[in-house]
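Have a look at model23.txt; it's compact mmCIF, C-alpha atoms and all ligand atoms:
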# COMPACT_ATOMS: atom_id res chain seq x y z
CA MET A 19 -72.48 49.40 -52.16
CA ILE A 20 -71.87 50.33 -55.80
CA ARG A 21 -73.73 53.27 -57.36
CA ILE A 22 -73.52 54.00 -61.08
CA LEU A 23 -75.97 56.24 -62.93
CA GLY A 24 -78.74 55.66 -60.43
CA ALA A 25 -78.20 51.90 -60.16
CA THR A 26 -77.49 50.84 -56.63
CA MET A 27 -76.48 47.31 -55.85
CA ASN A 28 -74.72 45.25 -53.28
CA ASN A 29 -71.00 44.95 -53.60
CA ASP A 30 -70.16 41.40 -54.72
CA ALA A 31 -68.68 40.59 -51.34
CA ASP A 32 -71.91 41.55 -49.54
CA LYS A 33 -73.98 38.70 -50.85
CA PRO A 34 -72.21 35.63 -52.22
CA PRO A 35 -74.82 33.79 -54.33
CA PRO A 36 -75.31 30.03 -54.38
CA VAL A 37 -73.11 28.46 -57.03
CA SER A 38 -73.95 25.40 -59.05
CA ARG A 39 -71.21 23.44 -60.81
CA ALA A 40 -71.86 21.71 -64.12
CA ALA A 41 -69.85 20.06 -66.88
CA LEU A 42 -70.19 20.53 -70.61
CA ARG A 43 -70.59 17.50 -72.86
CA ASP A 44 -66.80 17.31 -73.30
CA GLY A 45 -66.25 17.43 -69.52
CA THR A 46 -65.25 21.13 -69.35
CA PRO A 47 -66.29 22.40 -65.90
CA ILE A 48 -68.51 25.50 -65.74
CA VAL A 49 -70.23 27.40 -62.94
CA ILE A 50 -73.78 28.75 -62.94
CA ARG A 51 -74.77 31.44 -60.47
CA ARG A 52 -76.73 34.67 -60.16
CA ALA A 53 -75.07 37.58 -61.97
CA LEU A 54 -72.98 39.92 -59.84
CA ALA A 55 -71.78 43.47 -60.46
CA ARG A 56 -68.41 42.14 -61.59
CA ASP A 57 -70.12 40.31 -64.50
CA ALA A 58 -71.26 43.56 -66.17
CA GLU A 59 -68.28 43.73 -68.58
CA GLY A 60 -68.64 40.06 -69.52
CA LEU A 61 -72.38 40.41 -70.12
CA ALA A 62 -71.77 43.47 -72.32
CA ARG A 63 -69.19 41.48 -74.35
CA LEU A 64 -71.69 38.64 -74.75
CA ASP A 65 -74.36 41.08 -75.93
CA HIS A 66 -71.92 42.70 -78.36
CA GLU A 67 -71.17 39.30 -79.87
CA LEU A 68 -74.90 38.53 -80.19
CA VAL A 69 -75.84 41.78 -81.93
CA SER A 70 -72.72 41.62 -84.16
CA GLU A 71 -73.70 38.12 -85.27
CA GLY A 72 -76.99 39.72 -86.29
CA LEU A 73 -79.09 36.54 -86.57
CA TRP A 74 -80.95 35.74 -83.36
CA THR A 75 -81.99 39.07 -81.81
CA VAL A 76 -84.37 41.86 -82.80
CA ARG A 77 -81.68 44.39 -81.86
CA GLU A 78 -79.16 45.79 -84.33
CA ARG A 79 -75.50 46.49 -83.63
CA SER A 80 -76.25 50.12 -82.70
CA GLU A 81 -78.65 48.85 -80.02
CA ARG A 82 -76.01 46.91 -78.10
CA VAL A 83 -76.02 47.15 -74.32
CA SER A 84 -73.08 48.89 -72.60
CA SER A 85 -71.42 47.60 -69.44
CA VAL A 86 -72.98 50.49 -67.48
CA GLU A 87 -76.42 49.44 -68.71
CA GLU A 88 -75.57 45.85 -67.84
CA LEU A 89 -74.70 46.94 -64.32
CA LYS A 90 -78.11 48.59 -64.00
CA ARG A 91 -79.76 45.50 -65.46
CA ILE A 92 -78.01 43.24 -62.92
CA ALA A 93 -79.28 45.51 -60.12
CA SER A 94 -82.81 45.46 -61.54
CA TYR A 95 -82.86 41.65 -61.30
CA ASP A 96 -82.18 41.73 -57.57
CA ALA A 97 -85.87 41.01 -56.92
CA PRO A 98 -87.82 37.98 -55.66
CA ASP A 99 -89.66 37.44 -58.95
CA ARG A 100 -86.63 37.92 -61.24
CA LEU A 101 -83.59 35.82 -62.06
CA LEU A 102 -80.45 36.71 -64.01
CA ILE A 103 -77.95 33.85 -64.06
CA VAL A 104 -74.60 33.54 -65.80
CA ALA A 105 -72.59 30.55 -66.97
CA LEU A 106 -68.88 31.01 -66.30
CA ARG A 107 -65.83 29.23 -67.70
CA GLY A 108 -63.21 30.43 -65.26
CA GLU A 109 -63.89 34.16 -64.98
CA ARG A 110 -65.37 34.45 -68.49
CA VAL A 111 -69.13 34.91 -68.93
CA ILE A 112 -70.05 32.32 -71.59
CA GLY A 113 -73.84 32.50 -71.27
CA GLU A 114 -76.74 34.12 -69.51
CA ALA A 115 -80.41 33.42 -68.90
CA THR A 116 -83.17 35.58 -67.42
CA LEU A 117 -86.64 35.19 -65.98
CA LYS A 118 -88.72 38.27 -65.28
CA ALA A 119 -92.28 38.20 -63.93
CA HIS A 120 -94.80 40.55 -65.54
CA LYS A 121 -95.27 43.86 -63.71
CA ALA A 122 -99.08 43.87 -64.04
CA ALA A 123 -100.72 42.09 -61.10
CA ARG A 124 -103.05 40.07 -63.34
CA CYS A 125 -100.10 38.60 -65.25
CA ALA A 126 -97.60 38.43 -62.37
CA HIS A 127 -97.85 34.64 -62.36
CA VAL A 128 -96.13 34.63 -65.79
CA ALA A 129 -92.39 35.20 -66.29
CA LEU A 130 -90.58 35.97 -69.55
CA PHE A 131 -87.53 33.79 -70.31
CA SER A 132 -84.46 34.67 -72.40
CA ILE A 133 -81.11 32.97 -73.03
CA THR A 134 -77.82 33.60 -74.86
CA VAL A 135 -74.69 31.45 -75.15
CA ALA A 136 -71.34 32.70 -76.52
CA ILE A 137 -70.68 31.47 -80.08
CA GLU A 138 -67.55 29.51 -79.17
CA PHE A 139 -69.46 27.60 -76.46
CA ARG A 140 -72.68 26.79 -78.34
CA GLU A 141 -73.85 23.19 -78.81
CA ARG A 142 -71.68 22.02 -75.91
CA GLY A 143 -74.34 21.91 -73.17
CA VAL A 144 -74.27 25.47 -71.76
CA GLY A 145 -77.83 26.27 -72.89
CA ARG A 146 -79.17 23.08 -71.32
CA ALA A 147 -77.37 23.84 -68.03
CA LEU A 148 -78.69 27.43 -67.91
CA MET A 149 -82.21 26.41 -68.85
CA GLY A 150 -82.24 23.59 -66.29
CA ALA A 151 -81.24 26.03 -63.54
CA ALA A 152 -83.83 28.63 -64.62
CA CYS A 153 -86.71 26.12 -64.89
CA ALA A 154 -85.81 24.59 -61.50
CA TRP A 155 -85.88 28.08 -59.94
CA ALA A 156 -89.28 28.81 -61.53
CA ASP A 157 -90.72 25.42 -60.49
CA ALA A 158 -89.78 26.14 -56.86
CA HIS A 159 -91.04 29.74 -56.94
CA PRO A 160 -94.06 30.37 -54.68
CA SER A 161 -96.11 32.47 -57.13
CA LEU A 162 -94.90 31.77 -60.68
CA GLU A 163 -97.19 29.49 -62.68
CA LYS A 164 -96.09 29.91 -66.26
CA LEU A 165 -93.02 30.78 -68.34
CA GLU A 166 -93.22 32.38 -71.76
CA LEU A 167 -90.70 33.25 -74.44
CA PHE A 168 -90.44 34.59 -77.96
CA VAL A 169 -88.24 32.92 -80.56
CA PHE A 170 -87.64 33.40 -84.27
CA ALA A 171 -89.46 30.63 -86.16
CA ASN A 172 -86.19 29.78 -88.01
CA ASN A 173 -84.21 29.26 -84.76
CA SER A 174 -84.53 25.48 -84.75
CA ARG A 175 -81.67 25.01 -82.27
CA ALA A 176 -83.35 27.18 -79.63
CA ILE A 177 -86.83 25.75 -80.35
CA SER A 178 -85.53 22.21 -79.89
CA LEU A 179 -83.96 23.17 -76.54
CA TYR A 180 -87.19 24.85 -75.39
CA GLN A 181 -89.35 21.87 -76.41
CA SER A 182 -87.09 19.53 -74.46
CA PHE A 183 -87.96 21.55 -71.31
CA GLY A 184 -91.71 21.36 -71.98
CA PHE A 185 -92.30 24.62 -73.86
CA VAL A 186 -94.97 24.42 -76.56
CA ALA A 187 -95.76 26.89 -79.34
CA GLU A 188 -98.87 28.92 -78.44
CA GLY A 189 -98.89 31.36 -81.31
CA ARG A 190 -97.07 32.73 -84.34
CA ARG A 191 -96.51 36.39 -85.15
CA ASP A 192 -96.24 36.51 -88.94
CA ARG A 193 -93.43 38.64 -90.39
CA TYR A 194 -92.78 40.05 -86.92
CA VAL A 195 -89.11 40.82 -87.54
CA ARG A 196 -87.84 42.71 -90.59
CA PHE A 197 -84.21 42.14 -91.58
CA GLY A 198 -84.42 44.09 -94.83
CA PRO A 199 -86.90 45.70 -97.24
CA THR A 200 -88.34 42.31 -98.25
CA THR A 201 -86.82 39.94 -95.70
CA TYR A 202 -88.97 39.02 -92.73
CA VAL A 203 -88.93 36.30 -90.09
CA ASP A 204 -91.95 35.00 -88.16
CA ASP A 205 -91.80 34.89 -84.37
CA LEU A 206 -93.18 32.11 -82.16
CA VAL A 207 -94.72 32.59 -78.73
CA MET A 208 -93.97 29.57 -76.53
CA GLY A 209 -95.22 28.72 -73.04
CA ARG A 210 -94.39 26.23 -70.29
CA TRP A 211 -96.32 25.50 -67.09
CA CYS A 212 -94.40 25.46 -63.83
CA ALA A 213 -94.43 22.16 -61.94
CA LYS A 214 -97.09 23.09 -59.35
CA ALA A 215 -99.30 25.27 -61.60
CA THR A 216 -103.01 24.47 -61.78
CA GLY A 217 -102.80 25.00 -65.56
CA ASN A 218 -100.23 22.21 -65.81
CA PRO A 219 -102.05 19.21 -67.35
CA ARG A 220 -99.84 16.93 -65.21
CA ASN A 221 -101.63 18.36 -62.14
CA ALA A 222 -105.18 17.90 -63.47
C1 LIG B 1 -80.09 28.59 -78.51
C2 LIG B 1 -78.96 28.43 -77.50
C3 LIG B 1 -79.30 29.19 -76.22
C4 LIG B 1 -78.81 26.93 -77.15
O1 LIG B 1 -77.75 26.78 -76.24
P1 LIG B 1 -76.57 25.74 -76.57
O2 LIG B 1 -75.59 25.82 -75.47
O3 LIG B 1 -76.06 26.00 -77.94
O4 LIG B 1 -77.38 24.36 -76.56
P2 LIG B 1 -76.95 22.98 -75.87
O5 LIG B 1 -75.61 22.56 -76.35
O6 LIG B 1 -77.15 23.07 -74.41
O7 LIG B 1 -78.04 22.01 -76.51
C5 LIG B 1 -79.30 21.90 -75.92
C6 LIG B 1 -80.29 21.40 -76.93
O8 LIG B 1 -80.40 22.32 -78.01
C7 LIG B 1 -80.72 21.60 -79.18
N1 LIG B 1 -79.69 21.77 -80.18
C8 LIG B 1 -78.37 22.01 -80.00
N2 LIG B 1 -77.77 22.14 -81.17
C9 LIG B 1 -78.71 21.97 -82.13
C10 LIG B 1 -78.70 22.01 -83.54
N3 LIG B 1 -77.58 22.25 -84.24
N4 LIG B 1 -79.88 21.80 -84.19
C11 LIG B 1 -81.02 21.56 -83.51
N5 LIG B 1 -81.07 21.52 -82.15
C12 LIG B 1 -79.93 21.72 -81.48
C13 LIG B 1 -80.84 20.15 -78.79
O9 LIG B 1 -82.17 19.90 -78.41
C14 LIG B 1 -79.96 20.08 -77.57
O10 LIG B 1 -80.34 19.01 -76.77
P3 LIG B 1 -79.30 17.87 -76.31
O11 LIG B 1 -78.63 18.46 -75.10
O12 LIG B 1 -80.17 16.71 -75.96
O13 LIG B 1 -78.37 17.61 -77.47
C15 LIG B 1 -77.61 28.93 -78.06
O14 LIG B 1 -77.24 28.16 -79.18
C16 LIG B 1 -77.61 30.40 -78.43
O15 LIG B 1 -77.33 31.26 -77.59
N6 LIG B 1 -77.91 30.71 -79.70
C17 LIG B 1 -77.89 32.09 -80.20
C18 LIG B 1 -78.83 33.02 -79.43
C19 LIG B 1 -80.23 32.47 -79.39
O16 LIG B 1 -80.70 31.83 -80.33
N7 LIG B 1 -80.91 32.72 -78.26
C20 LIG B 1 -82.30 32.36 -78.12
C21 LIG B 1 -83.16 33.42 -78.69
S1 LIG B 1 -84.89 33.07 -78.45
Kindly return the structure encoded in the file as structure tokens.
Amino acid sequence: MIRILGATMNNDADKPPPVSRAALRDGTPIVIRRALARDAEGLARLDHELVSEGLWTVRERSERVSSVEELKRIASYDAPDRLLIVALRGERVIGEATLKAHKAARCAHVALFSITVAIEFRERGVGRALMGAACAWADAHPSLEKLELFVFANNSRAISLYQSFGFVAEGRRDRYVRFGPTTYVDDLVMGRWCAKATGNPRNA
């Protein structure tokens, strides 16, 4: 077992996760699997890149996540209604996606989705591979019925990916994010029914 600042988790060797192999559009092989303790550094590097880029997250550079916090986050996703997966090129973490069911019992059938791909690997198929794995996991989950996400209204690349997996815009939060004294961006709320959900029009 590993214990850091109150986070306890299985040593990587204790619980080898299922691995799924995929190929990017140019044929580059990648691996997708649940995040392990040894991915904490790589996830922190990915987060640093995202906040330094400064375009697609509400967090500023000073709000970056450290590798110790990433280790705690990985441990916190070791739960039946949560998923934290990484895309790996060799040993390098080149993307991550999460699903996290609501804590409140009345909303526990809904899980929040998030995704990030490293700049160098964007628009090569990593996002589609991560999203496919996450949606398949949610569709097979016994209690999840719906996925939701929040996305900046100007993030057309992400919105197009989400729409291709069945997400639809359910609401718009005007001027939700402030980049500067007079610079705001709207935020979209998007939702997607899981395959077996009664709310899914395909099951009506
Ligand atoms: C958004 C993001 C996750 C997409 O992942 P990706 O690996 O770049 O995307 P993929 O190469 O798998 O492309 C998947 C789909 O995205 C869309 N897409 C990709 N590039 C696009 C572009 N330049 N313009 C519009 N849509 C685009 C297409 O629908 C594409 O479908 P296709 O596979 O049929 O071509 C990734 O670019 C990223 O991490 N961006 C920065 C962080 C971010 O925006 N996170 C989401 C916050 S809500």
Environment of ligand LIG 1 (chain B) within 8 Å, counting only C-alpha atoms and all ligand atoms, reported as a PDB file with C-alpha atoms, in the frame of the given file:
ATOM      1  CA  ARG A  43     -70.590  17.500 -72.860  1.00  0.00           C
ATOM      2  CA  LEU A  68     -74.900  38.530 -80.190  1.00  0.00           C
ATOM      3  CA  LEU A  73     -79.090  36.540 -86.570  1.00  0.00           C
ATOM      4  CA  TRP A  74     -80.950  35.740 -83.360  1.00  0.00           C
ATOM      5  CA  THR A  75     -81.990  39.070 -81.810  1.00  0.00           C
ATOM      6  CA  GLY A 113     -73.840  32.500 -71.270  1.00  0.00           C
ATOM      7  CA  SER A 132     -84.460  34.670 -72.400  1.00  0.00           C
ATOM      8  CA  ILE A 133     -81.110  32.970 -73.030  1.00  0.00           C
ATOM      9  CA  THR A 134     -77.820  33.600 -74.860  1.00  0.00           C
ATOM     10  CA  VAL A 135     -74.690  31.450 -75.150  1.00  0.00           C
ATOM     11  CA  ALA A 136     -71.340  32.700 -76.520  1.00  0.00           C
ATOM     12  CA  ILE A 137     -70.680  31.470 -80.080  1.00  0.00           C
ATOM     13  CA  PHE A 139     -69.460  27.600 -76.460  1.00  0.00           C
ATOM     14  CA  ARG A 140     -72.680  26.790 -78.340  1.00  0.00           C
ATOM     15  CA  GLU A 141     -73.850  23.190 -78.810  1.00  0.00           C
ATOM     16  CA  ARG A 142     -71.680  22.020 -75.910  1.00  0.00           C
ATOM     17  CA  GLY A 143     -74.340  21.910 -73.170  1.00  0.00           C
ATOM     18  CA  VAL A 144     -74.270  25.470 -71.760  1.00  0.00           C
ATOM     19  CA  GLY A 145     -77.830  26.270 -72.890  1.00  0.00           C
ATOM     20  CA  ARG A 146     -79.170  23.080 -71.320  1.00  0.00           C
ATOM     21  CA  ALA A 147     -77.370  23.840 -68.030  1.00  0.00           C
ATOM     22  CA  LEU A 148     -78.690  27.430 -67.910  1.00  0.00           C
ATOM     23  CA  LEU A 167     -90.700  33.250 -74.440  1.00  0.00           C
ATOM     24  CA  PHE A 168     -90.440  34.590 -77.960  1.00  0.00           C
ATOM     25  CA  VAL A 169     -88.240  32.920 -80.560  1.00  0.00           C
ATOM     26  CA  PHE A 170     -87.640  33.400 -84.270  1.00  0.00           C
ATOM     27  CA  ASN A 173     -84.210  29.260 -84.760  1.00  0.00           C
ATOM     28  CA  SER A 174     -84.530  25.480 -84.750  1.00  0.00           C
ATOM     29  CA  ARG A 175     -81.670  25.010 -82.270  1.00  0.00           C
ATOM     30  CA  ALA A 176     -83.350  27.180 -79.630  1.00  0.00           C
ATOM     31  CA  ILE A 177     -86.830  25.750 -80.350  1.00  0.00           C
ATOM     32  CA  SER A 178     -85.530  22.210 -79.890  1.00  0.00           C
ATOM     33  CA  LEU A 179     -83.960  23.170 -76.540  1.00  0.00           C
ATOM     34  CA  TYR A 180     -87.190  24.850 -75.390  1.00  0.00           C
ATOM     35  CA  GLN A 181     -89.350  21.870 -76.410  1.00  0.00           C
ATOM     36  CA  SER A 182     -87.090  19.530 -74.460  1.00  0.00           C
TER      37      SER A 182
END
8 Å contact set for range 193-204 of chain A, all atoms listed in the file, chain neighbours under 3 positions out, as a PyMOL selection string: chain A and resi 76+170-172+190
Atomic distance CA of Tyr95 in chain A - CA of Ala123 in chain A, expressed in Å with one decimal: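 CA of Ala123 in chain A lies 17.9 Å from CA of Tyr95 in chain A.
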Å distance separating CA of Glu67 in chain A from CA of Trp155 in chain A, one decimal place: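 Pair CA of Glu67 in chain A / CA of Trp155 in chain A returns 27.2 Å.
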Atomic separation - CA of Glu81 in chain A relative to CA of Ala151 in chain A, Å: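 Computed distance, CA of Ala151 in chain A to CA of Glu81 in chain A, equals 28.3 Å.
Once Thr216 in chain A and its same-chain neighbours fewer than 3 positions away are set aside, His127, Ser161, Leu162, Glu163, Lys164, Trp211, Cys212, Ala213, Pro219, Arg220, Asn221 and Ala222 of chain A remain within 12 Å of it when counting only C-alpha atoms.
In terms of minimum interatomic distance to Glu109 in chain A, A:Gly60 ranks closest within A:Gly72, A:Gly189, A:Gly45, A:Gly60, counting only C-alpha atoms.
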Best match for closeness to Leu165 in chain A among A:Lys121, A:Arg100, A:Arg210, A:Arg82, counting all atoms listed in the file: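 Counting all atoms listed in the file, the residue closest to Leu165 in chain A is A:Arg210.
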Selected residue, from A:His159, A:Val49, A:Ala55, A:Glu138, that lies nearest to Ser94 in chain A when counting only C-alpha atoms: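 Counting only C-alpha atoms, the residue closest to Ser94 in chain A is A:Ala55.
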Pick from A:Arg191, A:Arg124, A:Arg52, A:His66 nearest to Ala97 in chain A, counting all atoms listed in the file: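 Result for the nearest residue to Ala97 in chain A: A:Arg52.
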Using the partial input, fill out range 138-173 of chain A with N, CA and C atoms; write the result as a PDB file, in the coordinates of the input.
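Printed below is out-v7.pdb as written:
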ATOM      1  N   GLU A 138     -68.576  30.563 -79.337  1.00  0.00           N
ATOM      2  CA  GLU A 138     -67.550  29.510 -79.170  1.00  0.00           C
ATOM      3  C   GLU A 138     -68.035  28.360 -78.282  1.00  0.00           C
ATOM      4  N   PHE A 139     -69.017  28.625 -77.422  1.00  0.00           N
ATOM      5  CA  PHE A 139     -69.460  27.600 -76.460  1.00  0.00           C
ATOM      6  C   PHE A 139     -70.814  26.991 -76.818  1.00  0.00           C
ATOM      7  N   ARG A 140     -71.363  27.343 -77.975  1.00  0.00           N
ATOM      8  CA  ARG A 140     -72.680  26.790 -78.340  1.00  0.00           C
ATOM      9  C   ARG A 140     -72.587  25.298 -78.678  1.00  0.00           C
ATOM     10  N   GLU A 141     -73.707  24.619 -78.491  1.00  0.00           N
ATOM     11  CA  GLU A 141     -73.850  23.190 -78.810  1.00  0.00           C
ATOM     12  C   GLU A 141     -72.874  22.331 -78.007  1.00  0.00           C
ATOM     13  N   ARG A 142     -72.562  22.798 -76.796  1.00  0.00           N
ATOM     14  CA  ARG A 142     -71.680  22.020 -75.910  1.00  0.00           C
ATOM     15  C   ARG A 142     -72.360  21.752 -74.560  1.00  0.00           C
ATOM     16  N   GLY A 143     -73.613  22.213 -74.403  1.00  0.00           N
ATOM     17  CA  GLY A 143     -74.340  21.910 -73.170  1.00  0.00           C
ATOM     18  C   GLY A 143     -74.574  23.101 -72.251  1.00  0.00           C
ATOM     19  N   VAL A 144     -74.083  24.291 -72.629  1.00  0.00           N
ATOM     20  CA  VAL A 144     -74.270  25.470 -71.760  1.00  0.00           C
ATOM     21  C   VAL A 144     -75.739  25.859 -71.688  1.00  0.00           C
ATOM     22  N   GLY A 145     -76.411  25.884 -72.856  1.00  0.00           N
ATOM     23  CA  GLY A 145     -77.830  26.270 -72.890  1.00  0.00           C
ATOM     24  C   GLY A 145     -78.662  25.340 -72.023  1.00  0.00           C
ATOM     25  N   ARG A 146     -78.408  24.046 -72.135  1.00  0.00           N
ATOM     26  CA  ARG A 146     -79.170  23.080 -71.320  1.00  0.00           C
ATOM     27  C   ARG A 146     -78.922  23.316 -69.829  1.00  0.00           C
ATOM     28  N   ALA A 147     -77.680  23.601 -69.452  1.00  0.00           N
ATOM     29  CA  ALA A 147     -77.370  23.840 -68.030  1.00  0.00           C
ATOM     30  C   ALA A 147     -78.069  25.099 -67.523  1.00  0.00           C
ATOM     31  N   LEU A 148     -78.039  26.172 -68.317  1.00  0.00           N
ATOM     32  CA  LEU A 148     -78.690  27.430 -67.910  1.00  0.00           C
ATOM     33  C   LEU A 148     -80.205  27.245 -67.818  1.00  0.00           C
ATOM     34  N   MET A 149     -80.763  26.579 -68.817  1.00  0.00           N
ATOM     35  CA  MET A 149     -82.210  26.410 -68.850  1.00  0.00           C
ATOM     36  C   MET A 149     -82.683  25.511 -67.706  1.00  0.00           C
ATOM     37  N   GLY A 150     -81.890  24.476 -67.406  1.00  0.00           N
ATOM     38  CA  GLY A 150     -82.240  23.590 -66.290  1.00  0.00           C
ATOM     39  C   GLY A 150     -82.282  24.375 -64.983  1.00  0.00           C
ATOM     40  N   ALA A 151     -81.295  25.243 -64.784  1.00  0.00           N
ATOM     41  CA  ALA A 151     -81.240  26.030 -63.540  1.00  0.00           C
ATOM     42  C   ALA A 151     -82.423  27.010 -63.477  1.00  0.00           C
ATOM     43  N   ALA A 152     -82.735  27.647 -64.606  1.00  0.00           N
ATOM     44  CA  ALA A 152     -83.830  28.630 -64.620  1.00  0.00           C
ATOM     45  C   ALA A 152     -85.188  27.948 -64.394  1.00  0.00           C
ATOM     46  N   CYS A 153     -85.413  26.819 -65.054  1.00  0.00           N
ATOM     47  CA  CYS A 153     -86.710  26.120 -64.890  1.00  0.00           C
ATOM     48  C   CYS A 153     -86.847  25.587 -63.464  1.00  0.00           C
ATOM     49  N   ALA A 154     -85.753  25.099 -62.879  1.00  0.00           N
ATOM     50  CA  ALA A 154     -85.810  24.590 -61.500  1.00  0.00           C
ATOM     51  C   ALA A 154     -86.167  25.735 -60.543  1.00  0.00           C
ATOM     52  N   TRP A 155     -85.574  26.911 -60.772  1.00  0.00           N
ATOM     53  CA  TRP A 155     -85.880  28.080 -59.940  1.00  0.00           C
ATOM     54  C   TRP A 155     -87.358  28.438 -60.072  1.00  0.00           C
ATOM     55  N   ALA A 156     -87.870  28.449 -61.306  1.00  0.00           N
ATOM     56  CA  ALA A 156     -89.280  28.810 -61.530  1.00  0.00           C
ATOM     57  C   ALA A 156     -90.218  27.768 -60.911  1.00  0.00           C
ATOM     58  N   ASP A 157     -89.861  26.492 -61.039  1.00  0.00           N
ATOM     59  CA  ASP A 157     -90.720  25.420 -60.490  1.00  0.00           C
ATOM     60  C   ASP A 157     -90.824  25.517 -58.974  1.00  0.00           C
ATOM     61  N   ALA A 158     -89.775  26.037 -58.330  1.00  0.00           N
ATOM     62  CA  ALA A 158     -89.780  26.140 -56.860  1.00  0.00           C
ATOM     63  C   ALA A 158     -90.322  27.490 -56.388  1.00  0.00           C
ATOM     64  N   HIS A 159     -90.607  28.390 -57.315  1.00  0.00           N
ATOM     65  CA  HIS A 159     -91.040  29.740 -56.940  1.00  0.00           C
ATOM     66  C   HIS A 159     -92.462  29.703 -56.369  1.00  0.00           C
ATOM     67  N   PRO A 160     -92.742  30.468 -55.307  1.00  0.00           N
ATOM     68  CA  PRO A 160     -94.060  30.370 -54.680  1.00  0.00           C
ATOM     69  C   PRO A 160     -95.214  30.913 -55.521  1.00  0.00           C
ATOM     70  N   SER A 161     -94.965  31.874 -56.426  1.00  0.00           N
ATOM     71  CA  SER A 161     -96.110  32.470 -57.130  1.00  0.00           C
ATOM     72  C   SER A 161     -96.059  32.304 -58.654  1.00  0.00           C
ATOM     73  N   LEU A 162     -94.936  31.927 -59.220  1.00  0.00           N
ATOM     74  CA  LEU A 162     -94.900  31.770 -60.680  1.00  0.00           C
ATOM     75  C   LEU A 162     -95.636  30.505 -61.111  1.00  0.00           C
ATOM     76  N   GLU A 163     -96.442  30.636 -62.165  1.00  0.00           N
ATOM     77  CA  GLU A 163     -97.190  29.490 -62.680  1.00  0.00           C
ATOM     78  C   GLU A 163     -96.790  29.129 -64.102  1.00  0.00           C
ATOM     79  N   LYS A 164     -96.316  30.145 -64.838  1.00  0.00           N
ATOM     80  CA  LYS A 164     -96.090  29.910 -66.260  1.00  0.00           C
ATOM     81  C   LYS A 164     -94.867  30.687 -66.744  1.00  0.00           C
ATOM     82  N   LEU A 165     -94.126  30.082 -67.681  1.00  0.00           N
ATOM     83  CA  LEU A 165     -93.020  30.780 -68.340  1.00  0.00           C
ATOM     84  C   LEU A 165     -93.411  30.996 -69.794  1.00  0.00           C
ATOM     85  N   GLU A 166     -92.979  32.127 -70.346  1.00  0.00           N
ATOM     86  CA  GLU A 166     -93.220  32.380 -71.760  1.00  0.00           C
ATOM     87  C   GLU A 166     -91.947  32.880 -72.404  1.00  0.00           C
ATOM     88  N   LEU A 167     -91.859  32.736 -73.705  1.00  0.00           N
ATOM     89  CA  LEU A 167     -90.700  33.250 -74.440  1.00  0.00           C
ATOM     90  C   LEU A 167     -91.102  33.520 -75.879  1.00  0.00           C
ATOM     91  N   PHE A 168     -90.252  34.294 -76.545  1.00  0.00           N
ATOM     92  CA  PHE A 168     -90.440  34.590 -77.960  1.00  0.00           C
ATOM     93  C   PHE A 168     -89.195  34.110 -78.687  1.00  0.00           C
ATOM     94  N   VAL A 169     -89.393  33.453 -79.823  1.00  0.00           N
ATOM     95  CA  VAL A 169     -88.240  32.920 -80.560  1.00  0.00           C
ATOM     96  C   VAL A 169     -88.516  33.002 -82.053  1.00  0.00           C
ATOM     97  N   PHE A 170     -87.472  33.357 -82.821  1.00  0.00           N
ATOM     98  CA  PHE A 170     -87.640  33.400 -84.270  1.00  0.00           C
ATOM     99  C   PHE A 170     -88.021  31.993 -84.754  1.00  0.00           C
ATOM    100  N   ALA A 171     -88.965  31.933 -85.688  1.00  0.00           N
ATOM    101  CA  ALA A 171     -89.460  30.630 -86.160  1.00  0.00           C
ATOM    102  C   ALA A 171     -88.367  29.832 -86.872  1.00  0.00           C
ATOM    103  N   ASN A 172     -87.280  30.505 -87.327  1.00  0.00           N
ATOM    104  CA  ASN A 172     -86.190  29.780 -88.010  1.00  0.00           C
ATOM    105  C   ASN A 172     -85.080  29.364 -87.038  1.00  0.00           C
ATOM    106  N   ASN A 173     -85.264  29.583 -85.746  1.00  0.00           N
ATOM    107  CA  ASN A 173     -84.210  29.260 -84.760  1.00  0.00           C
ATOM    108  C   ASN A 173     -84.436  27.845 -84.222  1.00  0.00           C
TER     109      ASN A 173
END
